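Input: a single structure, listed below in structure tokens.
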Amino acid sequence: MYEDRTYKRTFYSAPQSVTSLVAAFLEPTIIIVAFILANLWMDEPIARPQLTVCLLVFALTFPGRNRFRDSLLGACVDIFISWLVLLTILMLCAYATRSFKYFEEEVLMAWAIAAPLLQCAAVWCGKKILQLQASRPESRRSAIVIGGSALGVKVARALSGLEDRNIDFLGYFDDRVDDRLHESAAANNLGGLKDVASFVRQRGVHEVFITLPLGSQPRIVELLDQLQGTTASLFFVPDVFGIGIIQGRLQDMNGVPVVGICETPFTGTNELVKRVSDVVLASIILVLIAPVMLALAIGVKLSSPGPIVFKQRRNGLDGNEIIVYKFRSMTTMDNGPVVLQAKPNDPRLTPFGAFIRRTSLDELPQFINVLQGRMSIVGPRPHAVAHNEEYRQLIKAYMVRHKVKPGITGWAQVNGHRGETETIEKMQARVEYDLEYLRNWSLALDLQIIIRTIRVAFFNSNAY
């Protein structure tokens, strides 16, 4: 039987850049080396507790973030924020396991100061090395863009920002007259498609980026035939920027290349990392807050008649309905086809309920939902089922936020989009932050959100 092998071994996932590979190991290595040096400096032995810390640090920081493209100031700020988040997690673990006694305070203080400073110094050195490499003529590569549309200009600007690839962008090629081209492309149009092959050969162009629409397929095929006689690397850029891409990636499906446009970030090892971190952190937090939850339960019971815990119907992963727990804060419990959002001075709020809503203490029972697997500690906040049915018709890509489990806190909440969303614009802004979280998820981002949530919960008044 005939088997179509046209795509077999044709598409591959793009390899990591050298800078990304270095960055992946650089951050955990520097932090671990700083810890070991601090112990040696204080004449402390490297025993089992110290090795345990090294393993934990590596698990929490690998892969390290590539900061070589950031400004030096921005990179240093990000390093210190990430370092504070990591220290907080380590201190919580040490407190929960009563292991502070195994470490000297002088060692921990020296480590806390040295680790971020060494990371900043490494980023500075890395940026200097990249600048030095970019200044060498033999390391530079030239590139052109086929197509003078907005997409072509977007590609050209992206090429100009690739410091670690040392790209010299030469210009555009397009058959259309300048009046029909993007303004930036018209100013640097080098000719039509018939001129591309000869230009590439004469100028020794290294990379060609084709941004023509799919409707131009015959012209694309003809152009590719002409460029086969050159040594240039060829890239096709599909026009998908009108689509909200979530975790876009190229996959091999039994030999067939498939481009993922909208996918959950929690697949493979990411799913395992997310679940393990949720279970570990939720277990530690529940142990620590158990007395607080008991006091809150008593306060709810004494504040007004009714159950202590309110069970809400919400949409969870893939839009499936789940039950979410909260401490009851109102005299009524709306959970039907019409749900009114809480407002400032809402008459349904009890005095005690207003306090626990303002401080988000009413959501502490949701850590039980995390252990059940219904929710995550960090993710898009779950909305009432009735609200989802309303907003899915009004806001583009609204339901994409359900590609992950809902969270107790989220990227939108720590960026000011917390509390009532009485307008479409406010809900749309919240959804945009949720989608940004899906695009850029990492364990470090989760930890950053958790730390920022603690601050927002007690010093922000946008919740009712």
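Every chain in the structure tokens takes a letter, A first, then B, and so on in the order presented; its residues are numbered from 1, and the ligands are numbered from 1 following the presented order.
Scanning stretch 51-212 of chain A with DSSP on the backbone, the strand (DSSP E or B) assignments fall on Arg141, Ser142, Ala143, Ile144, Val145, Ile146, Ile167, Asp168, Phe169, Leu170, Gly171, Tyr172, Phe173, Asn189, Glu207, Val208, Phe209 and Ile210 of chain A.
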**Message:** as number ranges by chain, please: the residues near stretch 400-403 of chain A (cut-off 7 Å, only C-alpha atoms, same-chain neighbours under 5 positions excluded).
**Reply:** A: 264, 316-319, 380, 434-435
**Item:** Selection: 10 Å around A:Lys396, only C-alpha atoms, excl. self and same-chain fewer than 3 positions, as a VMD selection string
**Value:** chain A and resid 244 391 to 393 399 to 400 428 431 to 432
**Item:** Sel. of helix (DSSP H, G or I) residues, stretch 63-187 of chain A, as a VMD selection string
**Value:** chain A and resid 72 to 97 100 to 102 105 to 134 137 to 139 150 to 160 163 to 165 178 to 180 183 to 186
**Message:** as an NGL selection string, please: the residues near A:Glu27 (cut-off 8 Å, only C-alpha atoms, same-chain neighbours under 6 positions excluded).
**Reply:** :A and (61-65 or 119)
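With only C-alpha atoms as the atoms that count, the residue of A:Leu364, A:Pro265, A:Leu394, A:Arg313 with the shortest distance to A:Gly379 is A:Pro265.
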**Request:** Choose the residue, out of A:Glu104, A:Asp168, A:Glu436, A:Asp446, that has the smallest atom-to-atom separation from A:Leu281; count only C-alpha atoms.
**Result:** A:Asp446
Need to verify the contact set: A:Phe235, 12 Å, only C-alpha atoms, exclusion of same-chain residues closer than 3 positions in sequence. Can you return it as a PDB file with C-alpha atoms, in the first residue's frame?
ATOM      1  CA  ALA A 143      18.795  39.203   5.374  1.00  0.00           C
ATOM      2  CA  ILE A 144      16.002  40.386   3.073  1.00  0.00           C
ATOM      3  CA  VAL A 145      12.209  40.245   3.342  1.00  0.00           C
ATOM      4  CA  ILE A 146       9.931  39.260   0.476  1.00  0.00           C
ATOM      5  CA  VAL A 155       9.516  40.677  10.467  1.00  0.00           C
ATOM      6  CA  HIS A 206      22.352  34.641   4.057  1.00  0.00           C
ATOM      7  CA  GLU A 207      18.652  34.600   4.963  1.00  0.00           C
ATOM      8  CA  VAL A 208      15.429  35.210   3.000  1.00  0.00           C
ATOM      9  CA  PHE A 209      12.111  35.691   4.795  1.00  0.00           C
ATOM     10  CA  ILE A 210       8.993  35.229   2.655  1.00  0.00           C
ATOM     11  CA  THR A 211       5.923  37.047   4.005  1.00  0.00           C
ATOM     12  CA  LEU A 212       3.646  36.824   0.964  1.00  0.00           C
ATOM     13  CA  ILE A 220       5.971  31.601  -3.867  1.00  0.00           C
ATOM     14  CA  LEU A 224      11.529  29.066  -4.216  1.00  0.00           C
ATOM     15  CA  LEU A 227      16.325  30.471  -4.887  1.00  0.00           C
ATOM     16  CA  ALA A 232      20.570  31.369   1.375  1.00  0.00           C
ATOM     17  CA  PRO A 238       2.561  32.802   7.692  1.00  0.00           C
TER      18      PRO A 238
END
**Message:** Which residue is closest to A:Thr423? Choose from A:Ile395, A:Leu92, A:Val287, A:Val456 and count only C-alpha atoms.
**Reply:**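 Ranked by minimum distance to A:Thr423, first place goes to A:Ile395.
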**Item:** Best match for closeness to A:Ala444 among A:Gly148, A:Ala397, A:Val385, A:Val378, counting only C-alpha atoms
**Value:** A:Val378
**Message:** I need the residue nearest A:Val237 from this list: A:Ala295, A:Lys154, A:Lys301, A:Lys274. Use only C-alpha atoms for the distance.
**Reply:**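 Of A:Ala295, A:Lys154, A:Lys301, A:Lys274, the one nearest A:Val237 is A:Lys154, counting only C-alpha atoms.
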**Message:** With distances taken over only C-alpha atoms, which residue among A:Asn188, A:Ser20, A:Asn388, A:Ser99 lies nearest A:Glu321?
**Reply:**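 Comparing A:Asn188, A:Ser20, A:Asn388, A:Ser99 against A:Glu321, the winner is A:Asn388.
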